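> Have a peek at query_38.cif (mmCIF, C-alpha atoms).
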data_structure
#
loop_
_atom_site.label_atom_id
_atom_site.label_comp_id
_atom_site.auth_asym_id
_atom_site.auth_seq_id
_atom_site.Cartn_x
_atom_site.Cartn_y
_atom_site.Cartn_z
CA MET A 1401 0.00 0.00 0.00
CA CYS A 1402 2.80 2.37 0.95
CA SER A 1403 4.65 1.76 -2.32
CA GLY A 1404 1.48 2.49 -4.29
CA ILE A 1405 1.03 5.83 -2.58
CA LEU A 1406 4.66 6.77 -3.25
CA THR A 1407 4.25 5.81 -6.89
CA ARG A 1408 1.20 8.07 -7.29
CA ILE A 1409 3.00 11.00 -5.58
CA PHE A 1410 6.03 10.57 -7.83
CA ARG A 1411 3.85 10.56 -10.95
CA ARG A 1412 2.17 13.81 -9.87
CA LEU A 1413 5.50 15.51 -9.15
CA CYS A 1414 7.30 14.41 -12.32
CA PRO A 1415 5.83 17.12 -14.57
CA LEU A 1416 6.90 19.77 -12.05
CA LEU A 1417 10.48 18.57 -11.63
CA PRO A 1418 11.90 20.37 -14.70
CA LEU A 1419 10.45 23.69 -13.46
CA ALA A 1420 11.85 23.15 -9.98
CA LEU A 1421 15.27 22.39 -11.40
CA LEU A 1422 15.42 25.45 -13.69
CA PRO A 1423 17.06 27.83 -11.16
CA ALA A 1424 19.74 25.28 -10.37
CA LEU A 1425 20.38 24.51 -14.02
CA SER A 1426 20.49 28.14 -15.10
CA GLY A 1427 22.88 29.22 -12.33
CA PRO A 1428 22.73 32.46 -10.31
CA PRO A 1429 20.71 35.47 -11.64
CA ALA A 1430 22.55 37.45 -14.29
CA LEU A 1431 24.07 40.70 -13.04
CA ALA A 1432 23.33 43.95 -14.85
CA ALA A 1433 25.92 44.56 -17.54
CA PRO A 1434 28.28 47.52 -17.05
CA VAL A 1435 27.40 50.63 -19.02
CA GLU A 1436 29.83 53.11 -20.53
CA ILE A 1437 28.64 56.57 -21.59
CA THR A 1438 30.50 59.43 -23.24
CA ASP A 1439 28.88 62.77 -22.46
CA ASP A 1440 28.61 65.91 -24.58
CA THR A 1441 31.98 67.22 -23.37
CA GLY A 1442 33.79 64.03 -24.47
CA HIS A 1443 34.14 62.66 -20.93
CA THR A 1444 33.58 58.89 -20.61
CA LEU A 1445 32.17 57.25 -17.48
CA ARG A 1446 31.82 53.54 -16.80
CA LEU A 1447 29.28 52.25 -14.29
CA GLU A 1448 29.53 48.64 -13.18
CA GLN A 1449 25.82 48.60 -12.39
CA PRO A 1450 22.84 50.96 -12.91
CA ALA A 1451 23.13 54.22 -11.01
CA ARG A 1452 21.42 54.12 -7.60
CA ARG A 1453 22.43 57.40 -5.97
CA ILE A 1454 21.96 60.30 -8.37
CA ILE A 1455 22.27 64.07 -8.00
CA PRO A 1456 20.82 66.20 -10.83
CA LEU A 1457 22.52 69.60 -10.83
CA TYR A 1458 19.95 70.82 -13.34
CA GLY A 1459 16.25 70.44 -12.59
CA ALA A 1460 15.36 69.06 -16.01
CA PHE A 1461 17.41 65.95 -15.30
CA GLY A 1462 15.54 65.44 -12.05
CA GLU A 1463 12.21 65.64 -13.86
CA MET A 1464 13.42 63.22 -16.52
CA LEU A 1465 14.55 60.70 -13.90
CA VAL A 1466 11.20 60.95 -12.11
CA ALA A 1467 9.47 60.30 -15.43
CA LEU A 1468 11.65 57.20 -15.82
CA GLY A 1469 10.46 55.92 -12.45
CA CYS A 1470 13.81 56.63 -10.78
CA GLY A 1471 12.71 59.31 -8.35
CA ASP A 1472 13.67 57.11 -5.41
CA ARG A 1473 17.28 57.13 -6.61
CA LEU A 1474 17.70 60.91 -6.24
CA VAL A 1475 19.70 61.82 -3.13
CA ALA A 1476 20.02 65.61 -3.44
CA ARG A 1477 18.92 68.64 -5.48
CA THR A 1478 19.92 72.25 -6.14
CA ASP A 1479 18.48 75.28 -4.37
CA ALA A 1480 16.39 76.18 -7.42
CA ASP A 1481 14.57 72.85 -7.49
CA ALA A 1482 12.71 73.22 -4.19
CA ALA A 1483 9.58 74.08 -6.20
CA LEU A 1484 9.49 70.64 -7.82
CA PRO A 1485 7.25 68.45 -5.61
CA GLU A 1486 9.21 65.28 -6.39
CA LEU A 1487 12.51 66.92 -5.38
CA ALA A 1488 11.44 69.30 -2.61
CA HIS A 1489 12.14 66.83 0.23
CA LEU A 1490 15.75 66.25 -0.85
CA PRO A 1491 18.70 68.08 0.75
CA ALA A 1492 20.09 70.99 -1.29
CA VAL A 1493 23.73 71.08 -2.43
CA GLY A 1494 23.96 74.64 -3.72
CA THR A 1495 23.10 76.09 -7.10
CA HIS A 1496 23.24 74.72 -10.60
CA MET A 1497 26.24 76.87 -11.49
CA ARG A 1498 27.94 76.69 -8.09
CA PRO A 1499 27.22 73.43 -6.31
CA ASN A 1500 28.86 72.88 -2.93
CA ALA A 1501 31.49 70.26 -3.73
CA GLU A 1502 31.73 69.03 -0.13
CA LEU A 1503 27.98 68.51 0.14
CA VAL A 1504 27.87 66.74 -3.21
CA ALA A 1505 30.71 64.38 -2.25
CA ALA A 1506 29.20 63.74 1.20
CA ALA A 1507 26.00 62.43 -0.43
CA ARG A 1508 28.10 59.59 -1.95
CA PRO A 1509 26.53 59.75 -5.43
CA ASP A 1510 27.38 57.16 -8.05
CA LEU A 1511 26.21 59.63 -10.72
CA VAL A 1512 25.97 63.42 -10.92
CA LEU A 1513 24.28 65.05 -13.92
CA GLN A 1514 25.14 68.56 -15.09
CA MET A 1515 23.98 70.71 -18.00
CA SER A 1516 26.81 71.46 -20.39
CA GLY A 1517 27.36 74.63 -22.35
CA ARG A 1518 28.53 77.14 -19.71
CA GLY A 1519 32.16 77.68 -18.81
CA GLU A 1520 31.50 78.18 -15.10
CA ALA A 1521 29.56 74.93 -14.87
CA LEU A 1522 32.43 73.14 -16.63
CA LEU A 1523 34.90 74.42 -14.04
CA GLN A 1524 32.67 73.17 -11.23
CA THR A 1525 32.35 69.81 -12.97
CA GLU A 1526 36.11 69.41 -13.21
CA GLY A 1527 36.42 70.28 -9.52
CA LEU A 1528 33.94 67.55 -8.59
CA ARG A 1529 35.77 65.00 -10.74
CA LYS A 1530 39.02 65.81 -8.92
CA LEU A 1531 37.25 64.77 -5.72
CA GLY A 1532 36.37 61.45 -7.31
CA VAL A 1533 32.73 62.35 -7.98
CA PRO A 1534 31.40 60.75 -11.20
CA VAL A 1535 29.88 63.54 -13.34
CA LEU A 1536 28.33 63.49 -16.81
CA SER A 1537 27.35 66.67 -18.67
CA PHE A 1538 24.69 66.79 -21.36
CA GLU A 1539 23.27 69.53 -23.56
CA VAL A 1540 19.47 69.67 -23.89
CA ASN A 1541 18.52 72.58 -26.12
CA SER A 1542 16.22 70.87 -28.62
CA PHE A 1543 13.69 68.08 -28.83
CA ALA A 1544 16.26 65.92 -30.64
CA GLN A 1545 18.74 66.37 -27.78
CA LEU A 1546 16.00 65.77 -25.21
CA PHE A 1547 15.15 62.43 -26.83
CA ARG A 1548 18.80 61.38 -27.00
CA VAL A 1549 19.59 62.33 -23.40
CA MET A 1550 16.48 60.53 -22.13
CA GLU A 1551 17.70 57.38 -23.86
CA GLU A 1552 21.14 57.86 -22.28
CA LEU A 1553 19.55 58.22 -18.84
CA GLY A 1554 17.63 55.03 -19.52
CA ARG A 1555 20.91 53.21 -20.12
CA LEU A 1556 22.53 54.71 -17.01
CA CYS A 1557 19.61 53.63 -14.83
CA GLY A 1558 18.88 50.27 -16.44
CA ARG A 1559 15.55 51.60 -17.73
CA GLU A 1560 16.10 51.43 -21.48
CA ALA A 1561 12.60 50.13 -22.26
CA GLU A 1562 10.93 52.84 -20.17
CA ALA A 1563 13.03 55.55 -21.82
CA ALA A 1564 12.22 54.24 -25.30
CA ALA A 1565 8.50 54.24 -24.49
CA LEU A 1566 8.61 57.84 -23.24
CA VAL A 1567 10.50 59.05 -26.30
CA ALA A 1568 8.11 57.23 -28.63
CA ASP A 1569 5.14 58.89 -26.90
CA TRP A 1570 6.71 62.36 -27.16
CA LYS A 1571 7.49 61.90 -30.83
CA ALA A 1572 3.95 60.72 -31.56
CA ARG A 1573 2.45 63.76 -29.81
CA LEU A 1574 4.73 66.13 -31.72
CA ASP A 1575 3.82 64.44 -35.00
CA ALA A 1576 0.13 64.91 -34.15
CA LEU A 1577 0.72 68.61 -33.50
CA LYS A 1578 2.55 69.11 -36.78
CA ALA A 1579 -0.25 67.36 -38.66
CA GLN A 1580 -2.76 69.82 -37.19
CA HIS A 1581 -1.08 72.87 -38.72
CA ALA A 1582 0.42 71.27 -41.82
CA GLY A 1583 0.12 73.59 -44.80
CA GLN A 1584 -0.69 76.65 -42.69
CA LYS A 1585 1.40 79.79 -42.66
CA PRO A 1586 3.39 79.82 -39.39
CA TRP A 1587 2.72 82.46 -36.78
CA ARG A 1588 5.65 84.89 -36.41
CA ILE A 1589 6.37 84.71 -32.68
CA PHE A 1590 8.59 86.68 -30.31
CA TYR A 1591 9.47 85.13 -26.92
CA GLU A 1592 10.54 87.48 -24.15
CA VAL A 1593 12.91 85.89 -21.64
CA ARG A 1594 13.55 89.03 -19.61
CA SER A 1595 12.68 92.72 -19.50
CA PRO A 1596 13.97 95.36 -18.94
CA ASP A 1597 17.43 94.75 -20.35
CA LEU A 1598 15.56 92.83 -23.02
CA LEU A 1599 16.53 89.23 -23.56
CA ALA A 1600 14.79 87.02 -26.13
CA ALA A 1601 14.76 83.35 -27.01
CA GLY A 1602 17.03 82.67 -29.98
CA ARG A 1603 16.92 79.61 -32.19
CA GLY A 1604 19.47 77.64 -30.16
CA GLY A 1605 17.16 76.62 -27.33
CA ILE A 1606 14.16 74.42 -26.62
CA VAL A 1607 11.81 77.43 -26.77
CA SER A 1608 12.34 77.76 -30.51
CA ASP A 1609 11.52 74.07 -31.00
CA ILE A 1610 8.35 74.47 -28.91
CA ILE A 1611 7.28 77.45 -31.03
CA GLU A 1612 7.87 75.53 -34.26
CA ALA A 1613 6.05 72.41 -33.02
CA ALA A 1614 3.05 74.56 -32.09
CA GLY A 1615 2.79 76.06 -35.57
CA GLY A 1616 4.95 79.14 -35.19
CA GLU A 1617 8.25 80.60 -36.32
CA ASN A 1618 10.71 82.37 -34.06
CA VAL A 1619 11.21 85.92 -35.40
CA VAL A 1620 14.62 86.06 -33.71
CA ALA A 1621 17.07 84.60 -36.21
CA GLU A 1622 20.12 84.40 -33.92
CA LYS A 1623 21.31 80.83 -33.47
CA ARG A 1624 22.19 81.29 -29.81
CA LYS A 1625 19.89 80.13 -27.02
CA LEU A 1626 19.45 83.69 -25.76
CA ALA A 1627 19.67 86.92 -27.74
CA ARG A 1628 20.13 90.46 -26.41
CA LEU A 1629 17.94 92.88 -28.34
CA ASN A 1630 16.92 96.50 -28.19
CA GLU A 1631 13.34 97.69 -28.51
CA GLU A 1632 13.96 98.92 -32.06
CA ALA A 1633 14.73 95.36 -33.19
CA VAL A 1634 11.40 94.13 -31.80
CA LEU A 1635 9.52 96.98 -33.45
CA LEU A 1636 11.20 96.17 -36.75
CA ALA A 1637 10.29 92.48 -36.45
CA ASP A 1638 6.67 93.40 -35.55
CA PRO A 1639 5.67 89.81 -34.59
CA ASP A 1640 2.16 88.37 -34.97
CA VAL A 1641 2.39 86.96 -31.43
CA TYR A 1642 4.30 88.11 -28.35
CA LEU A 1643 5.00 85.59 -25.58
CA VAL A 1644 6.25 86.74 -22.18
CA GLN A 1645 7.63 84.25 -19.69
CA ARG A 1646 7.15 84.64 -15.94
CA GLY A 1647 9.60 82.99 -13.56
CA PRO A 1648 12.98 83.50 -11.89
CA MET A 1649 14.46 85.24 -14.94
CA ASN A 1650 11.41 87.49 -15.42
CA PRO A 1651 9.66 87.64 -12.03
CA ALA A 1652 7.38 90.65 -12.63
CA PRO A 1653 6.97 91.37 -16.35
CA GLN A 1654 5.31 94.68 -17.11
CA PRO A 1655 2.14 94.40 -19.21
CA LEU A 1656 2.97 95.09 -22.85
CA SER A 1657 0.14 97.60 -23.10
CA GLY A 1658 1.94 99.63 -20.44
CA ARG A 1659 5.19 99.84 -22.40
CA PRO A 1660 5.05 103.00 -24.54
CA HIS A 1661 7.31 101.70 -27.29
CA PHE A 1662 5.45 98.40 -27.65
CA ARG A 1663 1.87 99.68 -27.83
CA GLY A 1664 2.14 99.94 -31.60
CA LEU A 1665 3.21 96.31 -32.08
CA ARG A 1666 0.74 94.32 -34.15
CA ALA A 1667 0.61 91.59 -31.50
CA VAL A 1668 -0.25 94.12 -28.78
CA ARG A 1669 -2.78 96.08 -30.85
CA GLU A 1670 -4.64 92.95 -31.87
CA GLY A 1671 -4.46 91.18 -28.52
CA ARG A 1672 -2.17 88.31 -29.44
CA THR A 1673 0.01 88.31 -26.32
CA LEU A 1674 0.38 85.53 -23.78
CA GLU A 1675 2.18 85.14 -20.47
CA VAL A 1676 3.70 81.65 -20.06
CA ASP A 1677 5.37 79.69 -17.28
CA GLU A 1678 9.17 79.87 -17.50
CA ALA A 1679 9.63 76.42 -15.96
CA LEU A 1680 7.28 74.85 -18.51
CA PHE A 1681 8.59 76.60 -21.62
CA SER A 1682 12.26 77.36 -20.95
CA ARG A 1683 13.36 74.29 -19.02
CA PRO A 1684 13.76 71.29 -21.35
CA GLY A 1685 12.29 68.10 -19.97
CA PRO A 1686 9.27 65.79 -19.94
CA ARG A 1687 6.87 68.76 -19.97
CA SER A 1688 8.30 70.41 -23.09
CA VAL A 1689 5.86 68.58 -25.34
CA GLU A 1690 3.05 69.73 -23.06
CA ALA A 1691 4.24 73.32 -23.56
CA ALA A 1692 4.01 72.91 -27.34
CA GLU A 1693 0.52 71.43 -26.99
CA GLN A 1694 -0.66 74.32 -24.81
CA LEU A 1695 0.73 76.91 -27.18
CA ALA A 1696 -0.79 75.18 -30.22
CA GLN A 1697 -4.20 75.11 -28.54
CA TRP A 1698 -4.00 78.82 -27.76
CA LEU A 1699 -2.85 79.71 -31.28
CA LYS A 1700 -5.71 77.71 -32.71
CA GLY A 1701 -8.20 80.16 -31.26
CA LEU A 1702 -6.52 83.28 -32.60
CA GLN A 1703 -7.58 85.34 -35.58
CA ARG A 1704 -4.97 85.49 -38.28
CA PRO A 1705 -4.07 89.02 -39.40
CA ASP A 1706 -3.73 88.02 -43.06
CA ALA A 1707 -6.75 85.78 -43.50
CA GLY A 1708 -9.38 87.26 -41.22
CA THR A 1709 -10.16 83.78 -39.91
CA ASN A 1710 -9.19 81.95 -36.78
CA GLY A 1711 -6.00 79.98 -36.31
CA GLU A 1712 -7.40 77.01 -38.23
CA GLY A 1713 -7.54 78.91 -41.50
CA LYS A 1714 -4.86 78.78 -44.14
#
Show me, as C-alpha cells, the structure contained in the file I just sent.


Amino acid sequence: MCSGILTRIFRRLCPLLPLALLPALSGPPALAAPVEITDDTGHTLRLEQPARRIIPLYGAFGEMLVALGCGDRLVARTDADAALPELAHLPAVGTHMRPNAELVAAARPDLVLQMSGRGEALLQTEGLRKLGVPVLSFEVNSFAQLFRVMEELGRLCGREAEAAALVADWKARLDALKAQHAGQKPWRIFYEVRSPDLLAAGRGGIVSDIIEAAGGENVVAEKRKLARLNEEAVLLADPDVYLVQRGPMNPAPQPLSGRPHFRGLRAVREGRTLEVDEALFSRPGPRSVEAAEQLAQWLKGLQRPDAGTNGEGK
C-alpha cells in the first residue's frame, strides 16, 4: 500500500520537476551589464551597475529621472529645485552653477548630472571629478537632444525600455501637433525671456523648437539660445504673437500695453500676447511637449491678421 502511494505521488511531481530544477540549471541570476557613456563634453564614465544614488545639478534631469520611475534614486537637489514636488524633500547642495562640492561628495553619489554649455559649470564639474565624484554633462537645447539624453539616462539607470517608451510617446504627440497645422502659414512669434534689459529666445534653445512644433516661427534669427535685443529690433520684427515668460528670470513682467514703445506692435494692438510659465517653456524636460501642446491650442483660437479667420484657417 505504501509503495502504491509513493508511486502516485512521484507521478504527480514528475511534470513539475523540470520547473523546480530550472534555477539550479540556469545558475545564479545574471548581473546587470556595465554601461559606458561618453557625455557631450567628451568625458567617458563607466558604471559597473545601474546608477542608484543620483544628483541632478539641473532640474530638467531630475524631472526626466522621475518620469523614468527613478525618483527614489535621487539623493540631493539644487536650491532652485525646491519648487518641484518630487525633489522638494531632498537636501540641497547649492546652485546649478555653483554646487557645494563638499555637500555633493558627502552624499556619496554614483552619478551626478550637469547641464553642459557654460564655462562656469564646466569648471565646477572638473572640480567635482578631482574629488572622485562621477559627473556626466549633457546639452538639452532641442527636442532631438531631449530624446537622445532621455535614452542615455535610460541606459545609465537600467531603464532602457521605459526611456524608449517615453521618447516614442513624445514623438507621436509632436507628429500629431505638426499634422494639425500642416500647410498653414506659421505664426511669427517673439518670446521674451527678460525685460527690462531685453533678452529674447534665440533659435538655439528648446523654446524655438516648442514654437515651431506649435505652428509658429521664431522671429529672432540668432542661433544662440538667448539673444540680447533692443526695442527697435522688436519693433522692426513686428511679430504676430508676443509671448512673455514669468519665472525666476522674469519675475514681474510689465504688461505690454503699459510699455510705450510696444503699444504699436501688431501683436499688442490685436491682442495676441500671452504670459507663459518659465519652468514649462524654458526648461527642457518631460513637460516640453506639453508646452508645445498648450501653445498650439492657444494659437488655434486666434484670428490670423492676413486671413481674417481663426488659427485654423490657411

> Specify as a ChimeraX atom specification each residue included when the PyMOL selection byres ((chain A and resi 1444) around 12) is applied to this file.

/A:1435-1443,1445-1447,1529,1534-1538

> Store the residues of this selection in a file with C-alpha atoms, as an mmCIF file, in the frame of the given file.


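As a result, out_9.cif now contains:
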data_model
loop_
_atom_site.group_PDB
_atom_site.id
_atom_site.type_symbol
_atom_site.label_atom_id
_atom_site.label_comp_id
_atom_site.auth_asym_id
_atom_site.auth_seq_id
_atom_site.Cartn_x
_atom_site.Cartn_y
_atom_site.Cartn_z
ATOM 1 C CA VAL A 1435 27.400 50.630 -19.020
ATOM 2 C CA GLU A 1436 29.830 53.110 -20.530
ATOM 3 C CA ILE A 1437 28.640 56.570 -21.590
ATOM 4 C CA THR A 1438 30.500 59.430 -23.240
ATOM 5 C CA ASP A 1439 28.880 62.770 -22.460
ATOM 6 C CA ASP A 1440 28.610 65.910 -24.580
ATOM 7 C CA THR A 1441 31.980 67.220 -23.370
ATOM 8 C CA GLY A 1442 33.790 64.030 -24.470
ATOM 9 C CA HIS A 1443 34.140 62.660 -20.930
ATOM 10 C CA LEU A 1445 32.170 57.250 -17.480
ATOM 11 C CA ARG A 1446 31.820 53.540 -16.800
ATOM 12 C CA LEU A 1447 29.280 52.250 -14.290
ATOM 13 C CA ARG A 1529 35.770 65.000 -10.740
ATOM 14 C CA PRO A 1534 31.400 60.750 -11.200
ATOM 15 C CA VAL A 1535 29.880 63.540 -13.340
ATOM 16 C CA LEU A 1536 28.330 63.490 -16.810
ATOM 17 C CA SER A 1537 27.350 66.670 -18.670
ATOM 18 C CA PHE A 1538 24.690 66.790 -21.360
#

> Select, from A:Ala1582, A:Leu1599, A:Lys1700, A:Ala1679, the residue with the minimum atom-to-atom distance to Leu1484 of chain A, counting only C-alpha atoms.

A:Ala1679

> Which residues, named as in the file, does the PyMOL selection byres ((chain A and resi 1472) around 12) pick out? Answer as a list in words.

Ala1451, Arg1452, Arg1453, Ile1454, Ile1455, Gly1462, Leu1465, Val1466, Ala1467, Leu1468, Gly1469, Cys1470, Gly1471, Arg1473, Leu1474, Val1475, Ala1476, Glu1486, Leu1487, His1489, Leu1490 and Cys1557 of chain A

> Would you list the contacts of Tyr1458 of chain A as JSON, numbers by chain, taking every protein, DNA or RNA residue within 7 Å and counting only C-alpha atoms, but skipping same-chain residues closer than 3 positions in sequence?

{"A": [1461, 1496, 1514, 1515]}

> Give me, please, the distance in Å between atom CA of Ala1696 of chain A and atom CA of Leu1643 of chain A, quoted to one decimal.

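Value for the atom CA of Ala1696 of chain A-atom CA of Leu1643 of chain A distance: 12.8 Å.
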
> Pick the closest to Asp1479 of chain A from A:Ala1627, A:Leu1636, A:Met1464, A:Met1497: which is it, counting all atoms listed in the file?

A:Met1497

> With the file shown as input, list the residues that the PyMOL selection byres ((chain A and resi 1619) around 6) selects, as a count of residues only.

5

> Please write as an MDAnalysis selection string the list of polymer residues whose atoms come within 12 Å of (4.6, 93.8, -18.5), counting only C-alpha atoms and keeping to the coordinates of the file.

chainID A and resid 1592:1596 1598 1642:1646 1650:1660 1662:1663 1668 1673:1675

> Measure the distance from atom CA of Asn1630 of chain A to atom CA of Leu1695 of chain A in Å and round it to one decimal.

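Atom-to-atom, atom CA of Asn1630 of chain A and atom CA of Leu1695 of chain A are spaced 25.4 Å apart.
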
> Considering all atoms listed in the file, state which residue in the set A:Ile1610, A:Val1493, A:Val1634, A:Ala1667 is at the smallest distance from Leu1680 of chain A.

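Result for the nearest residue to Leu1680 of chain A: A:Ile1610.
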
> Between A:Pro1456, A:Glu1612, A:Glu1670, A:Glu1526, which has the minimum distance to Pro1639 of chain A (counting only C-alpha atoms)?

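Between A:Pro1456, A:Glu1612, A:Glu1670, A:Glu1526, the residue approaching Pro1639 of chain A most closely is A:Glu1670.
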
> Go through A:Asp1569, A:Leu1522, A:Pro1434, A:Met1550 and flag the residue nearest Gln1449 of chain A, using all atoms listed in the file for the distances.

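Of all the options, A:Pro1434 lies closest to Gln1449 of chain A.
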
> Atom CA of Ala1521 of chain A to atom CA of Arg1683 of chain A: how many Å, to one decimal?

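Spanning atom CA of Ala1521 of chain A to atom CA of Arg1683 of chain A is a straight-line distance of 16.7 Å.
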
> Could you check which of A:Leu1546, A:Gln1524, A:Arg1573, A:Lys1623 is closest to Glu1690 of chain A, using only C-alpha atoms?

A:Arg1573

> Dig up all the protein and nucleic acid residues within 8 Å of (-6.2, 89.6, -34.4) in the file frame, using all atoms listed in the file, and format them as a list in words.

Ala1667, Glu1670, Gly1671, Arg1672, Leu1702, Gln1703, Arg1704, Pro1705 and Gly1708 of chain A

> Would you mind exporting C-alpha atoms of the selected residues as a tab-separated table (two decimals), keeping the file's coordinate frame?


chain	number	residue	atom	x	y	z
A	1667	ALA	CA	0.61	91.59	-31.50
A	1670	GLU	CA	-4.64	92.95	-31.87
A	1671	GLY	CA	-4.46	91.18	-28.52
A	1672	ARG	CA	-2.17	88.31	-29.44
A	1702	LEU	CA	-6.52	83.28	-32.60
A	1703	GLN	CA	-7.58	85.34	-35.58
A	1704	ARG	CA	-4.97	85.49	-38.28
A	1705	PRO	CA	-4.07	89.02	-39.40
A	1708	GLY	CA	-9.38	87.26	-41.22

> Considering all atoms listed in the file, return as a PDB file with C-alpha atoms, in the coordinates of the input whatever protein or nucleic-acid residues lie within 8 Å of segment 1563-1568 of chain A, sequence-local ones (same chain, fewer than 3 positions apart) excluded.


ATOM      1  CA  LEU A1468      11.650  57.200 -15.820  1.00  0.00           C
ATOM      2  CA  PHE A1547      15.150  62.430 -26.830  1.00  0.00           C
ATOM      3  CA  MET A1550      16.480  60.530 -22.130  1.00  0.00           C
ATOM      4  CA  GLU A1551      17.700  57.380 -23.860  1.00  0.00           C
ATOM      5  CA  LEU A1553      19.550  58.220 -18.840  1.00  0.00           C
ATOM      6  CA  GLY A1554      17.630  55.030 -19.520  1.00  0.00           C
ATOM      7  CA  ARG A1559      15.550  51.600 -17.730  1.00  0.00           C
ATOM      8  CA  GLU A1560      16.100  51.430 -21.480  1.00  0.00           C
ATOM      9  CA  LYS A1571       7.490  61.900 -30.830  1.00  0.00           C
ATOM     10  CA  ALA A1572       3.950  60.720 -31.560  1.00  0.00           C
TER      11      ALA A1572
END

> Which centre and edge lengths in Å to one decimal define the box along x, y and z that fits every listed atom of segment 1674-1678 of chain A plus 6 Å per side, as AutoDock Vina command-line options?


--center_x 4.8 --center_y 82.6 --center_z -20.5 --size_x 20.8 --size_y 17.8 --size_z 18.5
